[in-house]
Amino acid sequence: MNWKSAFYASLTCVFLFSCGNKKKSENSKPDHLAKEDNSKQLVTKTTSALTINPIEHATMVLEKNGTVVYIDPVGGAEKFESYKLPNYILITDIHGDHLNVETLSGLSLDDAKIIAPSAVAEKLPEDLKGKTIVLDNGDTKQLNTELSVNAIPMYNLREEALKFHAKGRGNGYVLNWIDERIYISGDTEDITEMRNLKNIDKAFVCMNLPYTMPVASAADAVTDFEPTVVYPYHYRGTQGLSDIEEFKRLVLAEKPNIEVNFLNWYPAQ
């Protein structure tokens with residue numbers, strides 16, 4: 001091979017080697033970048049889902065990330081034997097479908113706190129009063145690092161129903177729980193305080209006559225504050241169960257983006 005042939009052969013090898021390296025750099029990341037991307041994939045935000053256990057009517061057990069909250073526990077302590085012990089108990093009002101001292105006294109409350117309005121606290125025996133944090137309308141309490149509760153009004157609007165729930169006596173609640181805002185209406189009508197709620201992820205909304213509000217009023221309020229998901233609850237009245245299918249139809253007709261979910265609040269019916 002003469003010197004010219006050798007020279008051109010060398011140039012060809014250099015060219016092919018360079019092209020191969022260029023192709024590799026375009027299709028793969030340097031080692032330090034690959035390591036950085038992998039580390040980012042490992043940094044994820046984990047939050048547990050809310051577990052909802054409907055017991056009956058207005059009574060439920062909520063659990064999220066190891067914290068257990070009982071809402072209006074009534075019906076006897078035996079109803080809660082299959083559930084974890086509560087960290088907190090929220091009571092909305094003085095009526096028997098929300099407050100039952102016998103049920104409370106039968107529960108193991110060694111590590112639990114009761115959250116209730118003044119009207120409820122006044123009706124508790126001394127041992128339960130000692131476990132009670134009194135919140136009235138407008139009060140907020142940080143319960144632990146992941147859960148705070150805001151007490152909001154619940155009351156009647158219709159003239160014929162004013163005797164049932166006076167403004168200021170009972171509480172609705174908004175729970176700020178890790179990454180969710182959860183609204184529990186208590187016994188109320190479609191009040192301004194409900195309609196003005198913001199950024200509610202899950203809402204439990206009552207609807208029963210003659211004590212709270214008709215289905216149409218409940219649906220109209222829900223389409224105002226637009227929770228992500230709404231659960232009709234507390235819907236047994238003197239004429240039987242409210243028409244929750246009609247509630248769903250009314251909500252979706254106005255705001256189809258709202259998810260309406262049904263839970264089994266009345267297992268015996």
# chains A, B, ... in the order shown; residues from 1 in each chain; ligands from 1
>>> select_by_dssp(residues="stretch 48-142 of chain A", states="strand (DSSP E)", output="PyMOL selection string")
chain A and resi 51-56+59-64+67-71+88-90+113-116+132-134+140-142
>>> residues_around(residues="A:Thr103", least_positions_apart="3", cutoff="9 Å", atoms="only C-alpha atoms", output="MDAnalysis selection string")
chainID A and resid 73:78 99:100 106:107
>>> closest_residue(among="A:Leu128, A:Ile114, A:Ala58, A:Val222", to="A:Leu252", atoms="only C-alpha atoms")
A:Val222
>>> residues_around(residues="stretch 138-142 of chain A", least_positions_apart="4", cutoff="6 Å", atoms="only C-alpha atoms", output="VMD selection string")
chain A and resid 148 to 152
>>> write_last_selection(atoms="N, CA and C atoms", output="PDB file, in the first residue's frame")
ATOM      1  N   SER A 148     -56.676  18.901  60.292  1.00  0.00           N
ATOM      2  CA  SER A 148     -57.299  20.014  61.018  1.00  0.00           C
ATOM      3  C   SER A 148     -58.793  20.006  60.721  1.00  0.00           C
ATOM      4  N   VAL A 149     -59.563  20.605  61.613  1.00  0.00           N
ATOM      5  CA  VAL A 149     -61.015  20.616  61.442  1.00  0.00           C
ATOM      6  C   VAL A 149     -61.543  22.031  61.659  1.00  0.00           C
ATOM      7  N   ASN A 150     -62.450  22.411  60.783  1.00  0.00           N
ATOM      8  CA  ASN A 150     -63.113  23.712  60.867  1.00  0.00           C
ATOM      9  C   ASN A 150     -64.600  23.488  61.081  1.00  0.00           C
ATOM     10  N   ALA A 151     -65.143  24.087  62.138  1.00  0.00           N
ATOM     11  CA  ALA A 151     -66.574  23.972  62.434  1.00  0.00           C
ATOM     12  C   ALA A 151     -67.320  25.082  61.710  1.00  0.00           C
ATOM     13  N   ILE A 152     -68.317  24.703  60.907  1.00  0.00           N
ATOM     14  CA  ILE A 152     -69.085  25.683  60.166  1.00  0.00           C
ATOM     15  C   ILE A 152     -70.566  25.540  60.520  1.00  0.00           C
TER      16      ILE A 152
END
>>> closest_atom_pairs(of="stretch 131-194 of chain A", to="stretch 117-124 of chain A", cutoff="7 Å", atoms="only C-alpha atoms", output="JSON lines")
{"residue": "A:Val134", "atom": "CA", "partner": "A:Pro117", "partner_atom": "CA", "distance": 5.4}
{"residue": "A:Leu135", "atom": "CA", "partner": "A:Pro117", "partner_atom": "CA", "distance": 5.0}
{"residue": "A:Asp136", "atom": "CA", "partner": "A:Pro117", "partner_atom": "CA", "distance": 4.9}
{"residue": "A:Arg169", "atom": "CA", "partner": "A:Ala119", "partner_atom": "CA", "distance": 6.1}
{"residue": "A:Gly170", "atom": "CA", "partner": "A:Pro117", "partner_atom": "CA", "distance": 6.1}
{"residue": "A:Asn171", "atom": "CA", "partner": "A:Pro117", "partner_atom": "CA", "distance": 6.4}
>>> residues_around(residues="A:Leu85", least_positions_apart="3", cutoff="8 Å", atoms="only C-alpha atoms", output="JSON, numbers by chain")
{"A": [68, 108, 109]}
>>> select_by_dssp(residues="stretch 217-265 of chain A", states="alpha helix (DSSP H)", output="PyMOL selection string")
chain A and resi 217-225+244-254
>>> write_last_selection(atoms="C-alpha atoms", output="short mmCIF file (atom, residue, chain, number, x, y, z; two decimals), in the first residue's frame")
data_model
loop_
_atom_site.label_atom_id
_atom_site.label_comp_id
_atom_site.auth_asym_id
_atom_site.auth_seq_id
_atom_site.Cartn_x
_atom_site.Cartn_y
_atom_site.Cartn_z
CA SER A 217 -82.32 22.27 47.41
CA ALA A 218 -79.46 19.90 48.18
CA ALA A 219 -78.69 19.47 44.48
CA ASP A 220 -78.82 23.21 43.85
CA ALA A 221 -76.36 23.91 46.67
CA VAL A 222 -73.99 21.21 45.48
CA THR A 223 -73.87 22.66 41.99
CA ASP A 224 -72.91 25.98 43.59
CA PHE A 225 -69.90 24.81 45.58
CA ILE A 244 -81.17 10.11 45.69
CA GLU A 245 -81.43 9.09 42.04
CA GLU A 246 -83.30 12.35 41.43
CA PHE A 247 -80.59 14.17 43.38
CA LYS A 248 -77.97 12.68 41.07
CA ARG A 249 -79.97 13.56 37.97
CA LEU A 250 -80.34 17.19 39.07
CA VAL A 251 -76.66 17.57 39.93
CA LEU A 252 -75.39 16.04 36.70
CA ALA A 253 -77.83 17.99 34.57
CA GLU A 254 -76.26 21.19 35.85
#
>>> residues_around(residues="A:Lys84", least_positions_apart="5", cutoff="12 Å", atoms="only C-alpha atoms", output="list in words")
Thr51, Asn53, Val61, Leu62, Glu63, Lys64, Gly66, Thr67, Val68, Val69, Tyr70, Lys79, Leu107, Ser108, Leu109, Asp111 and Ala112 of chain A
>>> atom_distance(atom1="atom CA of A:Leu157", atom2="atom CA of A:Thr192")
10.3 Å
>>> closest_residue(among="A:Pro54, A:Tyr211, A:Ala203, A:Val101", to="A:Gln239", atoms="only C-alpha atoms")
A:Tyr211
>>> closest_residue(among="A:Gly186, A:Pro214, A:Pro267, A:Pro256", to="A:Tyr233", atoms="only C-alpha atoms")
A:Gly186
>>> atom_distance(atom1="atom CA of A:Glu56", atom2="atom CA of A:Asn87")
20.1 Å
